[in-house]
Every structure is written in C-alpha cells, then in structure tokens.
file protein.csv (CSV, C-alpha atoms and all ligand atoms)
chain,number,residue,atom,x,y,z
N,377,MET,CA,4.9,-15.3,-3.9
N,378,THR,CA,7.4,-14.7,-1.1
N,379,ALA,CA,7.6,-11.7,1.1
N,380,GLU,CA,11.0,-11.1,-0.3
N,381,LYS,CA,9.7,-10.9,-3.9
N,382,LEU,CA,6.8,-8.7,-2.9
N,383,VAL,CA,9.2,-6.3,-1.2
N,384,GLU,CA,11.4,-6.3,-4.4
N,385,LEU,CA,8.3,-5.4,-6.5
N,386,ALA,CA,7.4,-2.5,-4.1
N,387,ILE,CA,10.9,-1.1,-4.4
N,388,GLU,CA,10.6,-1.4,-8.2
N,389,ALA,CA,7.2,0.4,-8.1
N,390,GLN,CA,8.8,3.3,-6.2
N,391,THR,CA,10.7,4.2,-9.4
N,392,HIS,CA,7.4,4.9,-11.1
N,393,ALA,CA,6.4,7.6,-8.5
N,394,TYR,CA,5.3,11.0,-9.9
N,395,CYS,CA,6.0,13.3,-7.0
N,396,PRO,CA,7.4,16.7,-8.2
N,397,TYR,CA,5.9,18.5,-5.2
N,398,SER,CA,7.0,16.4,-2.2
N,399,GLY,CA,9.9,14.5,-3.7
N,400,PHE,CA,8.8,11.6,-1.5
N,401,LYS,CA,8.7,8.5,-3.7
N,402,VAL,CA,6.4,5.7,-2.6
N,403,GLY,CA,6.0,2.2,-4.1
N,404,ALA,CA,3.6,-0.5,-3.2
N,405,ALA,CA,3.0,-4.1,-4.3
N,406,LEU,CA,-0.3,-5.7,-3.5
N,407,LEU,CA,-0.7,-9.5,-3.4
N,408,CYS,CA,-4.1,-10.8,-4.4
N,409,ALA,CA,-5.4,-14.1,-2.9
N,410,ASP,CA,-5.0,-15.8,-6.4
N,411,GLY,CA,-1.3,-14.8,-6.5
N,412,THR,CA,-1.6,-11.8,-8.8
N,413,VAL,CA,0.4,-8.8,-7.8
N,414,TYR,CA,-0.5,-5.1,-8.5
N,415,GLN,CA,2.1,-2.4,-8.2
N,416,GLY,CA,1.3,1.2,-7.4
N,417,CYS,CA,3.1,4.5,-6.9
N,418,ASN,CA,2.1,7.9,-5.6
N,419,ILE,CA,0.9,10.3,-8.2
N,420,GLU,CA,0.8,14.0,-7.2
N,421,ASN,CA,-1.0,17.0,-8.6
N,422,ALA,CA,-0.3,20.7,-8.7
N,423,SER,CA,-3.6,21.2,-6.9
N,424,TYR,CA,-2.4,18.9,-4.2
N,425,SER,CA,-5.7,17.3,-3.1
N,426,PRO,CA,-6.1,15.2,-6.2
N,427,SER,CA,-2.9,13.4,-5.3
N,428,VAL,CA,-3.1,9.7,-4.6
N,429,CYS,CA,-1.0,7.4,-2.5
N,430,ALA,CA,0.9,4.3,-3.9
N,431,GLU,CA,-1.2,1.9,-1.8
N,432,ARG,CA,-4.5,3.2,-3.2
N,433,THR,CA,-3.1,3.2,-6.8
N,434,ALA,CA,-2.4,-0.5,-6.3
N,435,PHE,CA,-5.8,-1.3,-4.8
N,436,PHE,CA,-7.7,0.6,-7.4
N,437,LYS,CA,-5.9,-1.0,-10.3
N,438,ALA,CA,-6.7,-4.4,-8.7
N,439,VAL,CA,-10.3,-3.7,-7.9
N,440,TYR,CA,-10.9,-2.4,-11.4
N,441,ASP,CA,-9.6,-5.7,-12.7
N,442,GLY,CA,-12.1,-7.6,-10.6
N,443,HIS,CA,-10.0,-8.6,-7.6
N,444,ARG,CA,-11.7,-8.5,-4.1
N,445,ASP,CA,-9.5,-10.8,-2.0
N,446,PHE,CA,-6.1,-9.7,-0.9
N,447,THR,CA,-3.4,-11.2,1.2
N,448,ALA,CA,-0.6,-8.7,1.8
N,449,ILE,CA,0.9,-5.4,0.7
N,450,ALA,CA,4.5,-4.2,0.7
N,451,VAL,CA,5.2,-0.5,0.9
N,452,CYS,CA,8.3,1.7,0.8
N,453,GLY,CA,8.9,5.4,0.7
N,454,GLY,CA,11.6,7.9,0.9
N,455,LYS,CA,12.8,11.3,-0.2
N,456,ASP,CA,14.2,11.1,-3.7
N,457,GLY,CA,13.6,7.3,-3.6
N,458,GLU,CA,16.0,6.6,-0.8
N,459,ILE,CA,14.6,4.3,1.8
N,460,THR,CA,15.9,5.6,5.1
N,461,GLY,CA,13.2,4.3,7.5
N,462,TYR,CA,10.2,1.9,7.8
N,463,PHE,CA,7.3,3.4,6.0
N,464,PRO,CA,3.8,3.0,7.5
N,465,PRO,CA,0.7,3.6,5.3
N,466,CYS,CA,-1.3,6.7,5.9
N,467,GLY,CA,-4.8,6.6,7.6
N,468,VAL,CA,-6.7,7.0,4.3
N,469,CYS,CA,-4.9,4.0,2.8
N,470,ARG,CA,-5.6,2.0,5.9
N,471,GLN,CA,-9.3,2.7,5.6
N,472,VAL,CA,-9.2,1.6,1.9
N,473,MET,CA,-7.5,-1.6,3.0
N,474,SER,CA,-10.2,-2.0,5.6
N,475,GLU,CA,-12.8,-1.9,2.8
N,476,PHE,CA,-11.4,-5.0,1.2
N,477,CYS,CA,-9.3,-6.9,3.7
N,478,GLY,CA,-9.6,-9.0,6.8
N,479,ASP,CA,-8.0,-8.5,10.1
N,480,ASP,CA,-5.0,-10.7,9.2
N,481,PHE,CA,-4.2,-8.9,5.9
N,482,ARG,CA,-0.4,-8.4,6.2
N,483,ILE,CA,1.5,-5.1,5.7
N,484,TYR,CA,5.2,-5.3,5.0
N,485,MET,CA,6.7,-1.9,5.9
N,486,ILE,CA,10.0,-1.7,4.1
N,487,GLY,CA,13.1,-0.2,5.6
N,488,PRO,CA,16.8,0.1,4.6
N,489,GLY,CA,18.5,-2.8,2.9
N,490,GLU,CA,15.3,-4.5,1.8
N,491,THR,CA,14.4,-5.3,5.4
N,492,TRP,CA,10.8,-5.0,6.5
N,493,LYS,CA,8.5,-5.0,9.5
N,494,GLU,CA,5.4,-7.1,9.3
N,495,MET,CA,2.1,-6.1,10.9
N,496,THR,CA,-1.6,-7.1,10.3
N,497,LEU,CA,-4.4,-4.7,9.4
N,498,ALA,CA,-5.9,-5.3,12.8
N,499,GLN,CA,-2.7,-4.1,14.4
N,500,ILE,CA,-2.3,-0.9,12.3
N,501,LEU,CA,-6.1,-0.1,12.3
N,502,PRO,CA,-7.7,-1.3,15.5
N,503,GLU,CA,-11.4,-0.6,16.1
N,504,ARG,CA,-11.9,-0.1,12.4
N,505,PHE,CA,-15.2,0.9,10.8
N,506,CYS,CA,-16.5,-2.0,8.7
N,507,ALA,CA,-19.7,-1.8,6.7
N,508,SER,CA,-20.4,-5.5,7.3
N,509,GLU,CA,-20.3,-5.1,11.1
N,510,HIS,CA,-21.8,-1.6,11.6
N,511,MET,CA,-24.2,-1.1,8.7
N,512,ALA,CA,-25.9,-4.5,8.6
N,601,LIG,N1,2.1,8.8,0.4
N,601,LIG,C1,1.8,7.5,-0.1
N,601,LIG,O1,2.0,7.3,-1.3
N,601,LIG,N2,1.4,6.6,0.8
N,601,LIG,C2,1.1,6.9,2.1
N,601,LIG,O2,0.6,6.0,2.8
N,601,LIG,C3,1.4,8.2,2.7
N,601,LIG,C4,2.0,9.2,1.8
N,601,LIG,C5,2.5,9.8,-0.6
N,601,LIG,C6,1.6,11.0,-0.8
N,601,LIG,C7,2.5,12.1,-1.2
N,601,LIG,O3,2.6,11.9,-2.6
N,601,LIG,C8,3.8,11.8,-0.6
N,601,LIG,O4,3.8,10.4,-0.1
N,601,LIG,C9,4.2,12.7,0.6
N,601,LIG,O5,3.1,12.7,1.5

call {"tool": "encode", "arguments": {"input": "protein.csv", "output": "structure tokens"}}
result
Amino acid sequence: MTAEKLVELAIEAQTHAYCPYSGFKVGAALLCADGTVYQGCNIENASYSPSVCAERTAFFKAVYDGHRDFTAIAVCGGKDGEITGYFPPCGVCRQVMSEFCGDDFRIYMIGPGETWKEMTLAQILPERFCASEHMA
C-alpha cells in the first residue's frame, strides 16, 4: 500500500461523511500492519456530542475486527467536501491513535490536489499519556 493509494482512499471516504450540521466532510483511511485498510468518515448527530470523527470511525471499525497494529492514517477534510487546506486530526483522535500506535505511526494530512504533509504521532502528540509507561 503506497501513501498515494492511502490518500486516494481517504478522499473516497470523505464522500461517505454524514455532517448535516457542520457541512465539514472528513475522510480517513487507516493502514493496518498486515496491509488491511479501514476507511472512516465523520458521523454527526442532532445532539452534537454523540458525533464521531472520521479517524475514530476508522480505528473503531479496525479494532472491532481484531486489528491492533497500525502503520499510517491519511485524513482529509473540507467544507462541502472541498479540500482547501491540510487537515490535522483533532486532539481526541490523537489520543485514540496514542492508545494503539507507536511514536513512528505516520499521519498523512491531505491538502489540495492530492498533496499531503507527513508527520509522526510523536510529532503531533509529544509528551503523550501512555498506559504502558505511566500506569505500569
Ligand atoms: N472532525 C473529524 O472528523 N476529525 C477531526 O479530527 C476533527 C473534526 C469532524 C467532526 C465534525 O463532524 C466536523 O469535522 C467539524 O468539526
């Protein structure tokens, strides 16, 4: 699985977004260590707080299916599905990544024209809270 293909799958996932309240469509494609890819979209709710982000939709689908090892995630977002800027995952999604991923887990933040910026989990979530380190 190439970065280009993962980016394409995140852009495809964006078309599945259910976001009648914000109009901000988000798509994600999560690459498991065995090569499986899970796509996710944001799913909003009239009561707002039950809404879930695209990244967490992808993670929860994968974890439900028994995956625990992840390599990378590609994410894109934009009003009405237009990708006008590089889209960084929210803090809650970073913490969910932290639960399952190592420091070198890669995040591809997609921008216009299927370009992307690549960062690691350690870069976007430094000094993270890890159960293995802090609750042992
Ligand atoms: N959203 C995501 O799907 N991922 C993020 O990392 C941040 C925000 C969604 C939540 C909401 O449906 C919409 O984008 C606007 O915040």

call {"tool": "closest_atom_pairs", "arguments": {"input": "protein.csv", "of": "chain N", "to": "ligand LIG 601 (chain N)", "cutoff": "10 Å", "atoms": "only C-alpha atoms and all ligand atoms", "output": "JSON lines"}}
result
{"residue": "N:Gln390", "atom": "CA", "partner": "N:LIG601", "partner_atom": "O1", "distance": 9.3}
{"residue": "N:Ala393", "atom": "CA", "partner": "N:LIG601", "partner_atom": "O3", "distance": 8.2}
{"residue": "N:Tyr394", "atom": "CA", "partner": "N:LIG601", "partner_atom": "O3", "distance": 7.8}
{"residue": "N:Cys395", "atom": "CA", "partner": "N:LIG601", "partner_atom": "O3", "distance": 5.7}
{"residue": "N:Pro396", "atom": "CA", "partner": "N:LIG601", "partner_atom": "O3", "distance": 8.8}
{"residue": "N:Tyr397", "atom": "CA", "partner": "N:LIG601", "partner_atom": "O3", "distance": 7.8}
{"residue": "N:Ser398", "atom": "CA", "partner": "N:LIG601", "partner_atom": "C9", "distance": 5.4}
{"residue": "N:Gly399", "atom": "CA", "partner": "N:LIG601", "partner_atom": "C8", "distance": 7.4}
{"residue": "N:Phe400", "atom": "CA", "partner": "N:LIG601", "partner_atom": "C8", "distance": 5.1}
{"residue": "N:Lys401", "atom": "CA", "partner": "N:LIG601", "partner_atom": "O4", "distance": 6.4}
{"residue": "N:Val402", "atom": "CA", "partner": "N:LIG601", "partner_atom": "O1", "distance": 4.9}
{"residue": "N:Gly403", "atom": "CA", "partner": "N:LIG601", "partner_atom": "O1", "distance": 7.1}
{"residue": "N:Ala404", "atom": "CA", "partner": "N:LIG601", "partner_atom": "O1", "distance": 8.2}
{"residue": "N:Gly416", "atom": "CA", "partner": "N:LIG601", "partner_atom": "O1", "distance": 8.7}
{"residue": "N:Cys417", "atom": "CA", "partner": "N:LIG601", "partner_atom": "O1", "distance": 6.4}
{"residue": "N:Asn418", "atom": "CA", "partner": "N:LIG601", "partner_atom": "O1", "distance": 4.3}
{"residue": "N:Ile419", "atom": "CA", "partner": "N:LIG601", "partner_atom": "O3", "distance": 6.1}
{"residue": "N:Glu420", "atom": "CA", "partner": "N:LIG601", "partner_atom": "O3", "distance": 5.4}
{"residue": "N:Asn421", "atom": "CA", "partner": "N:LIG601", "partner_atom": "O3", "distance": 8.7}
{"residue": "N:Tyr424", "atom": "CA", "partner": "N:LIG601", "partner_atom": "O3", "distance": 8.7}
{"residue": "N:Ser425", "atom": "CA", "partner": "N:LIG601", "partner_atom": "C7", "distance": 9.9}
{"residue": "N:Pro426", "atom": "CA", "partner": "N:LIG601", "partner_atom": "O3", "distance": 10.0}
{"residue": "N:Ser427", "atom": "CA", "partner": "N:LIG601", "partner_atom": "O3", "distance": 6.3}
{"residue": "N:Val428", "atom": "CA", "partner": "N:LIG601", "partner_atom": "C6", "distance": 6.2}
{"residue": "N:Cys429", "atom": "CA", "partner": "N:LIG601", "partner_atom": "O1", "distance": 3.2}
{"residue": "N:Ala430", "atom": "CA", "partner": "N:LIG601", "partner_atom": "O1", "distance": 4.1}
{"residue": "N:Glu431", "atom": "CA", "partner": "N:LIG601", "partner_atom": "N2", "distance": 6.0}
{"residue": "N:Arg432", "atom": "CA", "partner": "N:LIG601", "partner_atom": "N2", "distance": 7.9}
{"residue": "N:Thr433", "atom": "CA", "partner": "N:LIG601", "partner_atom": "O1", "distance": 8.5}
{"residue": "N:Val451", "atom": "CA", "partner": "N:LIG601", "partner_atom": "N2", "distance": 8.1}
{"residue": "N:Cys452", "atom": "CA", "partner": "N:LIG601", "partner_atom": "N2", "distance": 8.5}
{"residue": "N:Gly453", "atom": "CA", "partner": "N:LIG601", "partner_atom": "O4", "distance": 7.2}
{"residue": "N:Gly454", "atom": "CA", "partner": "N:LIG601", "partner_atom": "O4", "distance": 8.3}
{"residue": "N:Lys455", "atom": "CA", "partner": "N:LIG601", "partner_atom": "C9", "distance": 8.7}
{"residue": "N:Phe463", "atom": "CA", "partner": "N:LIG601", "partner_atom": "O2", "distance": 7.9}
{"residue": "N:Pro464", "atom": "CA", "partner": "N:LIG601", "partner_atom": "O2", "distance": 6.4}
{"residue": "N:Pro465", "atom": "CA", "partner": "N:LIG601", "partner_atom": "O2", "distance": 3.5}
{"residue": "N:Cys466", "atom": "CA", "partner": "N:LIG601", "partner_atom": "O2", "distance": 3.7}
{"residue": "N:Gly467", "atom": "CA", "partner": "N:LIG601", "partner_atom": "O2", "distance": 7.2}
{"residue": "N:Val468", "atom": "CA", "partner": "N:LIG601", "partner_atom": "O2", "distance": 7.5}
{"residue": "N:Cys469", "atom": "CA", "partner": "N:LIG601", "partner_atom": "O2", "distance": 5.9}
{"residue": "N:Arg470", "atom": "CA", "partner": "N:LIG601", "partner_atom": "O2", "distance": 8.0}

call {"tool": "atom_distance", "arguments": {"input": "protein.csv", "atom1": "CA of Val413 in chain N", "atom2": "CA of Ile500 in chain N"}}
result
21.8 Å

call {"tool": "atom_distance", "arguments": {"input": "protein.csv", "atom1": "CA of Asp480 in chain N", "atom2": "CA of Thr391 in chain N"}}
result
28.5 Å

call {"tool": "residues_around", "arguments": {"input": "protein.csv", "residues": "range 490-492 of chain N", "least_positions_apart": "2", "cutoff": "12 Å", "atoms": "only C-alpha atoms", "output": "MDAnalysis selection string"}}
result
chainID N and resid 379:388 449:453 458:464 482:488 494:495

call {"tool": "atom_distance", "arguments": {"input": "protein.csv", "atom1": "CA of Tyr414 in chain N", "atom2": "CA of Ala434 in chain N"}}
result
5.4 Å

call {"tool": "closest_residue", "arguments": {"input": "protein.csv", "among": "N:Asp410, N:His392, N:Cys506, N:Glu475", "to": "Met377 in chain N", "atoms": "all atoms listed in the file"}}
result
N:Asp410

call {"tool": "build_atoms", "arguments": {"input": "protein.csv", "residues": "range 431-442 of chain N", "atoms": "N, CA and C atoms", "output": "PDB file, keeping the file's coordinate frame"}}
result
ATOM      1  N   GLU N 431      -0.376   3.033  -2.262  1.00  0.00           N
ATOM      2  CA  GLU N 431      -1.200   1.900  -1.800  1.00  0.00           C
ATOM      3  C   GLU N 431      -2.547   1.915  -2.535  1.00  0.00           C
ATOM      4  N   ARG N 432      -3.142   3.120  -2.581  1.00  0.00           N
ATOM      5  CA  ARG N 432      -4.500   3.200  -3.200  1.00  0.00           C
ATOM      6  C   ARG N 432      -4.381   3.006  -4.716  1.00  0.00           C
ATOM      7  N   THR N 433      -3.301   3.464  -5.342  1.00  0.00           N
ATOM      8  CA  THR N 433      -3.100   3.200  -6.800  1.00  0.00           C
ATOM      9  C   THR N 433      -3.151   1.686  -7.020  1.00  0.00           C
ATOM     10  N   ALA N 434      -2.437   0.937  -6.181  1.00  0.00           N
ATOM     11  CA  ALA N 434      -2.400  -0.500  -6.300  1.00  0.00           C
ATOM     12  C   ALA N 434      -3.773  -1.138  -6.110  1.00  0.00           C
ATOM     13  N   PHE N 435      -4.445  -0.726  -5.042  1.00  0.00           N
ATOM     14  CA  PHE N 435      -5.800  -1.300  -4.800  1.00  0.00           C
ATOM     15  C   PHE N 435      -6.759  -0.962  -5.883  1.00  0.00           C
ATOM     16  N   PHE N 436      -6.732   0.267  -6.378  1.00  0.00           N
ATOM     17  CA  PHE N 436      -7.700   0.600  -7.400  1.00  0.00           C
ATOM     18  C   PHE N 436      -7.490  -0.063  -8.699  1.00  0.00           C
ATOM     19  N   LYS N 437      -6.229  -0.257  -9.039  1.00  0.00           N
ATOM     20  CA  LYS N 437      -5.900  -1.000 -10.300  1.00  0.00           C
ATOM     21  C   LYS N 437      -6.472  -2.466 -10.104  1.00  0.00           C
ATOM     22  N   ALA N 438      -6.257  -3.051  -8.927  1.00  0.00           N
ATOM     23  CA  ALA N 438      -6.700  -4.400  -8.700  1.00  0.00           C
ATOM     24  C   ALA N 438      -8.190  -4.576  -8.685  1.00  0.00           C
ATOM     25  N   VAL N 439      -8.848  -3.652  -7.998  1.00  0.00           N
ATOM     26  CA  VAL N 439     -10.300  -3.700  -7.900  1.00  0.00           C
ATOM     27  C   VAL N 439     -10.940  -3.519  -9.271  1.00  0.00           C
ATOM     28  N   TYR N 440     -10.364  -2.605 -10.042  1.00  0.00           N
ATOM     29  CA  TYR N 440     -10.900  -2.400 -11.400  1.00  0.00           C
ATOM     30  C   TYR N 440     -10.814  -3.691 -12.204  1.00  0.00           C
ATOM     31  N   ASP N 441      -9.774  -4.451 -11.994  1.00  0.00           N
ATOM     32  CA  ASP N 441      -9.600  -5.700 -12.700  1.00  0.00           C
ATOM     33  C   ASP N 441     -10.420  -6.865 -12.130  1.00  0.00           C
ATOM     34  N   GLY N 442     -11.210  -6.574 -11.107  1.00  0.00           N
ATOM     35  CA  GLY N 442     -12.100  -7.600 -10.600  1.00  0.00           C
ATOM     36  C   GLY N 442     -11.653  -8.309  -9.331  1.00  0.00           C
TER      37      GLY N 442
END
